[in-house]
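This is entry31.cif (mmCIF, C-alpha atoms, pLDDT in the B column; chains and numbers go by the auth columns).
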```cif
data_model
loop_
_atom_site.group_PDB
_atom_site.id
_atom_site.type_symbol
_atom_site.label_atom_id
_atom_site.label_comp_id
_atom_site.label_asym_id
_atom_site.label_seq_id
_atom_site.Cartn_x
_atom_site.Cartn_y
_atom_site.Cartn_z
_atom_site.B_iso_or_equiv
_atom_site.auth_seq_id
_atom_site.auth_asym_id
ATOM 1 C CA MET A 1 0.875 1.909 -35.983 85.00 1 A
ATOM 2 C CA GLU A 2 0.808 4.771 -33.494 92.00 2 A
ATOM 3 C CA TYR A 3 -1.002 8.019 -34.188 93.00 3 A
ATOM 4 C CA THR A 4 -1.714 11.252 -32.339 93.00 4 A
ATOM 5 C CA GLY A 5 -5.238 12.573 -32.676 94.00 5 A
ATOM 6 C CA ARG A 6 -8.411 13.187 -30.727 95.00 6 A
ATOM 7 C CA ILE A 7 -11.419 11.259 -29.537 96.00 7 A
ATOM 8 C CA SER A 8 -14.177 12.649 -31.736 96.00 8 A
ATOM 9 C CA LYS A 9 -17.098 10.652 -30.324 96.00 9 A
ATOM 10 C CA VAL A 10 -17.676 8.505 -27.258 97.00 10 A
ATOM 11 C CA LEU A 11 -20.276 5.789 -27.751 97.00 11 A
ATOM 12 C CA PRO A 12 -22.392 4.211 -24.996 97.00 12 A
ATOM 13 C CA LYS A 13 -20.481 1.980 -22.610 96.00 13 A
ATOM 14 C CA ARG A 14 -21.181 -1.755 -22.865 95.00 14 A
ATOM 15 C CA SER A 15 -21.084 -4.158 -19.927 95.00 15 A
ATOM 16 C CA GLY A 16 -22.079 -7.666 -19.040 94.00 16 A
ATOM 17 C CA THR A 17 -21.072 -10.916 -17.418 94.00 17 A
ATOM 18 C CA SER A 18 -18.817 -13.473 -19.047 92.00 18 A
ATOM 19 C CA GLN A 19 -20.636 -16.751 -19.728 92.00 19 A
ATOM 20 C CA ARG A 20 -17.373 -18.641 -19.490 92.00 20 A
ATOM 21 C CA THR A 21 -15.925 -17.180 -16.253 93.00 21 A
ATOM 22 C CA GLY A 22 -18.875 -15.372 -14.656 92.00 22 A
ATOM 23 C CA ASN A 23 -16.775 -12.190 -14.272 93.00 23 A
ATOM 24 C CA GLU A 24 -18.221 -8.719 -14.883 94.00 24 A
ATOM 25 C CA TRP A 25 -16.761 -6.755 -17.820 94.00 25 A
ATOM 26 C CA GLN A 26 -17.047 -3.251 -19.294 95.00 26 A
ATOM 27 C CA ALA A 27 -16.105 -1.932 -22.711 95.00 27 A
ATOM 28 C CA GLN A 28 -15.916 1.669 -23.889 95.00 28 A
ATOM 29 C CA PRO A 29 -16.158 2.141 -27.666 95.00 29 A
ATOM 30 C CA PHE A 30 -15.082 5.459 -29.195 96.00 30 A
ATOM 31 C CA VAL A 31 -14.175 7.068 -32.518 97.00 31 A
ATOM 32 C CA PHE A 32 -10.528 8.078 -32.891 96.00 32 A
ATOM 33 C CA GLU A 33 -9.803 10.811 -35.466 95.00 33 A
ATOM 34 C CA TYR A 34 -6.246 11.292 -36.731 94.00 34 A
ATOM 35 C CA PHE A 35 -4.094 12.410 -39.651 91.00 35 A
ATOM 36 C CA GLU A 36 -1.814 9.744 -41.063 85.00 36 A
ATOM 37 C CA THR A 37 0.603 12.324 -42.486 82.00 37 A
ATOM 38 C CA ASP A 38 1.185 16.010 -41.692 80.00 38 A
ATOM 39 C CA ASP A 39 0.087 17.139 -45.159 85.00 39 A
ATOM 40 C CA GLN A 40 -3.097 15.043 -45.242 85.00 40 A
ATOM 41 C CA ARG A 41 -6.158 17.194 -45.944 89.00 41 A
ATOM 42 C CA TRP A 42 -8.907 14.970 -44.519 91.00 42 A
ATOM 43 C CA SER A 43 -8.711 13.089 -41.259 90.00 43 A
ATOM 44 C CA ASP A 44 -9.055 9.347 -40.927 92.00 44 A
ATOM 45 C CA LYS A 45 -11.396 7.854 -38.347 94.00 45 A
ATOM 46 C CA VAL A 46 -11.455 4.438 -36.778 94.00 46 A
ATOM 47 C CA LEU A 47 -13.791 2.831 -34.260 95.00 47 A
ATOM 48 C CA LEU A 48 -11.823 1.490 -31.294 95.00 48 A
ATOM 49 C CA GLU A 49 -12.793 -0.078 -28.009 94.00 49 A
ATOM 50 C CA THR A 50 -11.075 -0.637 -24.690 93.00 50 A
ATOM 51 C CA PHE A 51 -11.845 -3.203 -22.030 92.00 51 A
ATOM 52 C CA ASN A 52 -9.183 -1.795 -19.686 93.00 52 A
ATOM 53 C CA ALA A 53 -10.952 -0.453 -16.576 92.00 53 A
ATOM 54 C CA ALA A 54 -8.126 2.068 -15.949 93.00 54 A
ATOM 55 C CA GLU A 55 -8.497 3.579 -19.447 94.00 55 A
ATOM 56 C CA ILE A 56 -12.311 3.879 -19.487 94.00 56 A
ATOM 57 C CA PRO A 57 -12.463 7.034 -17.280 94.00 57 A
ATOM 58 C CA LEU A 58 -9.835 8.700 -19.516 94.00 58 A
ATOM 59 C CA ILE A 59 -11.989 8.458 -22.641 94.00 59 A
ATOM 60 C CA GLU A 60 -13.696 11.826 -23.163 95.00 60 A
ATOM 61 C CA GLU A 61 -14.760 13.620 -26.328 95.00 61 A
ATOM 62 C CA ASN A 62 -12.175 16.012 -27.807 95.00 62 A
ATOM 63 C CA ALA A 63 -9.401 14.575 -25.622 95.00 63 A
ATOM 64 C CA LYS A 64 -5.994 14.621 -27.299 95.00 64 A
ATOM 65 C CA VAL A 65 -4.529 11.112 -27.265 95.00 65 A
ATOM 66 C CA LYS A 66 -1.787 8.953 -28.703 95.00 66 A
ATOM 67 C CA ILE A 67 -3.091 5.556 -29.731 95.00 67 A
ATOM 68 C CA GLY A 68 -1.441 2.489 -31.157 95.00 68 A
ATOM 69 C CA PHE A 69 -3.585 0.029 -33.032 94.00 69 A
ATOM 70 C CA ALA A 70 -3.217 -2.821 -35.490 94.00 70 A
ATOM 71 C CA HIS A 71 -5.659 -4.314 -37.946 91.00 71 A
ATOM 72 C CA SER A 72 -6.098 -7.727 -39.479 94.00 72 A
ATOM 73 C CA VAL A 73 -8.638 -9.812 -41.363 94.00 73 A
ATOM 74 C CA ARG A 74 -10.396 -12.605 -39.498 93.00 74 A
ATOM 75 C CA GLU A 75 -12.250 -15.562 -40.884 94.00 75 A
ATOM 76 C CA TRP A 76 -15.408 -16.916 -39.298 91.00 76 A
ATOM 77 C CA THR A 77 -17.466 -19.962 -40.232 93.00 77 A
ATOM 78 C CA ASN A 78 -21.121 -19.910 -39.207 90.00 78 A
ATOM 79 C CA GLN A 79 -23.275 -22.897 -38.215 91.00 79 A
ATOM 80 C CA ARG A 80 -24.254 -23.559 -41.844 92.00 80 A
ATOM 81 C CA GLY A 81 -20.602 -23.862 -42.842 93.00 81 A
ATOM 82 C CA GLU A 82 -20.485 -20.527 -44.657 94.00 82 A
ATOM 83 C CA THR A 83 -17.206 -18.676 -44.293 94.00 83 A
ATOM 84 C CA GLN A 84 -17.236 -14.924 -43.767 93.00 84 A
ATOM 85 C CA MET A 85 -14.384 -12.436 -43.516 94.00 85 A
ATOM 86 C CA PHE A 86 -14.302 -9.363 -41.303 91.00 86 A
ATOM 87 C CA ASN A 87 -11.860 -6.682 -40.244 92.00 87 A
ATOM 88 C CA GLU A 88 -10.528 -6.624 -36.725 91.00 88 A
ATOM 89 C CA VAL A 89 -8.888 -3.541 -35.202 92.00 89 A
ATOM 90 C CA LYS A 90 -7.097 -3.971 -31.876 92.00 90 A
ATOM 91 C CA MET A 91 -5.823 -1.121 -29.735 94.00 91 A
ATOM 92 C CA TYR A 92 -2.533 -1.900 -27.987 93.00 92 A
ATOM 93 C CA LYS A 93 -1.556 1.540 -26.650 95.00 93 A
ATOM 94 C CA PHE A 94 -3.554 4.399 -25.123 95.00 94 A
ATOM 95 C CA GLU A 95 -1.938 7.568 -23.798 94.00 95 A
ATOM 96 C CA ARG A 96 -3.789 10.742 -22.824 94.00 96 A
ATOM 97 C CA LEU A 97 -1.779 13.784 -23.979 92.00 97 A
ATOM 98 C CA ASP A 98 -3.830 16.688 -22.680 82.00 98 A
ATOM 99 C CA ASP A 99 -4.256 17.669 -19.056 72.00 99 A
ATOM 100 C CA ALA A 100 -7.017 15.447 -17.770 61.00 100 A
ATOM 101 C CA PRO A 101 -8.122 15.325 -14.145 56.00 101 A
ATOM 102 C CA HIS A 102 -8.892 11.630 -14.576 51.00 102 A
ATOM 103 C CA ALA A 103 -5.399 10.963 -15.953 45.00 103 A
ATOM 104 C CA GLU A 104 -3.823 12.479 -12.851 46.00 104 A
ATOM 105 C CA LEU A 105 -6.026 10.348 -10.612 42.00 105 A
ATOM 106 C CA ALA A 106 -5.251 7.155 -12.515 45.00 106 A
ATOM 107 C CA SER A 107 -1.493 7.744 -12.434 44.00 107 A
ATOM 108 C CA ALA A 108 -1.565 8.915 -8.813 42.00 108 A
ATOM 109 C CA SER A 109 -3.331 5.768 -7.638 41.00 109 A
ATOM 110 C CA ASN A 110 -0.527 3.620 -9.094 45.00 110 A
ATOM 111 C CA ALA A 111 2.371 5.791 -7.915 44.00 111 A
ATOM 112 C CA PRO A 112 3.839 5.412 -4.433 45.00 112 A
ATOM 113 C CA GLN A 113 2.756 8.225 -2.149 44.00 113 A
ATOM 114 C CA PRO A 114 5.477 10.298 -0.424 44.00 114 A
ATOM 115 C CA ALA A 115 5.587 10.329 3.360 44.00 115 A
ATOM 116 C CA PRO A 116 3.946 13.419 4.865 43.00 116 A
ATOM 117 C CA ALA A 117 6.412 16.104 5.889 45.00 117 A
ATOM 118 C CA ALA A 118 6.559 17.069 9.557 46.00 118 A
ATOM 119 C CA ASP A 119 4.855 20.426 10.093 45.00 119 A
ATOM 120 C CA PRO A 120 6.402 22.445 12.964 44.00 120 A
ATOM 121 C CA ALA A 121 3.188 24.472 13.475 47.00 121 A
ATOM 122 C CA PRO A 122 0.030 22.411 13.026 46.00 122 A
ATOM 123 C CA ALA A 123 -2.746 24.227 11.160 47.00 123 A
ATOM 124 C CA THR A 124 -6.078 24.866 12.740 46.00 124 A
ATOM 125 C CA ALA A 125 -9.131 22.967 11.521 45.00 125 A
ATOM 126 C CA ALA A 126 -10.430 26.126 9.782 45.00 126 A
ATOM 127 C CA GLN A 127 -7.107 26.592 7.937 46.00 127 A
ATOM 128 C CA GLN A 128 -7.058 22.927 6.866 46.00 128 A
ATOM 129 C CA LYS A 129 -10.631 23.144 5.529 44.00 129 A
ATOM 130 C CA ALA A 130 -9.889 26.379 3.655 45.00 130 A
ATOM 131 C CA THR A 131 -6.788 24.841 2.090 45.00 131 A
ATOM 132 C CA SER A 132 -8.586 21.630 1.098 45.00 132 A
ATOM 133 C CA ASP A 133 -11.440 23.652 -0.456 46.00 133 A
ATOM 134 C CA GLY A 134 -8.913 25.489 -2.653 48.00 134 A
ATOM 135 C CA GLN A 135 -9.421 28.806 -0.890 48.00 135 A
ATOM 136 C CA LYS A 136 -6.538 31.020 0.113 47.00 136 A
ATOM 137 C CA THR A 137 -5.435 31.016 3.722 45.00 137 A
ATOM 138 C CA GLU A 138 -4.039 33.959 5.616 48.00 138 A
ATOM 139 C CA GLY A 139 -0.655 35.119 4.333 49.00 139 A
ATOM 140 C CA GLU A 140 -1.055 33.689 0.803 51.00 140 A
ATOM 141 C CA GLY A 141 -1.985 37.001 -0.794 52.00 141 A
ATOM 142 C CA ASN A 142 -5.208 37.921 -2.479 55.00 142 A
ATOM 143 C CA ASP A 143 -4.073 38.454 -6.074 55.00 143 A
ATOM 144 C CA ASP A 144 -4.939 35.937 -8.732 59.00 144 A
ATOM 145 C CA LEU A 145 -1.766 36.270 -10.800 51.00 145 A
ATOM 146 C CA PRO A 146 -0.120 32.978 -11.758 58.00 146 A
ATOM 147 C CA PHE A 147 3.353 34.231 -10.725 47.00 147 A
#
```
Please render this file's structure as structure tokens.
Amino acid sequence: MEYTGRISKVLPKRSGTSQRTGNEWQAQPFVFEYFETDDQRWSDKVLLETFNAAEIPLIEENAKVKIGFAHSVREWTNQRGETQMFNEVKMYKFERLDDAPHAELASASNAPQPAPAADPAPATAAQQKATSDGQKTEGEGNDDLPF
């Protein structure tokens, strides 16, 4: 099942070391709020968790996301031989839909970087610093209109 919704609450991150492999791990639990149908009056909420290190920085409250998850019932037998049942919800897809600075960084780190274009007139150090700081350089105009 895939749903579009928002992250309504981010819970404290969990981390530790695997007893079996000795590797470090991190998990980010969060509450996902969604509407199952367009005419549904009240939202549904589900507690999900990701262990994917690339997804953890993308999880922020009120972020619009598309999430796929599945649920099943698991059986567990304790040391006394008593059988217990519990629900298991597994997330298999996570996609950030709103403009997130972290999302751009995560996708940019995986994408091949284009070769730098040859610049016929190299910029001075002051111009390079002004450009990298997001300030306007000479000749760019001083208006703040988006067009």
Assuming the chain letters and numbering stay as they are in my file, what does the PyMOL selection byres ((chain A and resi 43) around 12) actually select? List them as a PyMOL selection string. chain A and resi 3-6+8+31-42+44-46
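Between atom CA of Asp98 of chain A and atom CA of Leu48 of chain A there is a distance of 19.2 Å.
The two atoms in question, atom CA of His71 of chain A and atom CA of Phe94 of chain A, are spaced 15.6 Å apart.
Comparing the minimum interatomic distances between Phe30 of chain A and each of A:Asn78, A:Asn87, A:Ala54, A:Val10, counting only C-alpha atoms, we find that A:Val10 sits nearest.
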Compile the contact shell of Gly16 of chain A as a list in words: residues with an atom at most 9 Å away, counting all atoms listed in the file, same-chain residues fewer than 4 positions apart removed. Asn23, Glu24, Trp25 and Gln26 of chain A
Would you mind reading off the distance between atom CA of Glu88 of chain A and atom CA of Ala70 of chain A, one decimal, in Å? 8.3 Å
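Of the residues under consideration (A:Ile67, A:Ala27, A:Leu58, A:Met91), A:Ile67 shows the shortest atom-to-atom contact distance to Glu2 of chain A when counting all atoms listed in the file.
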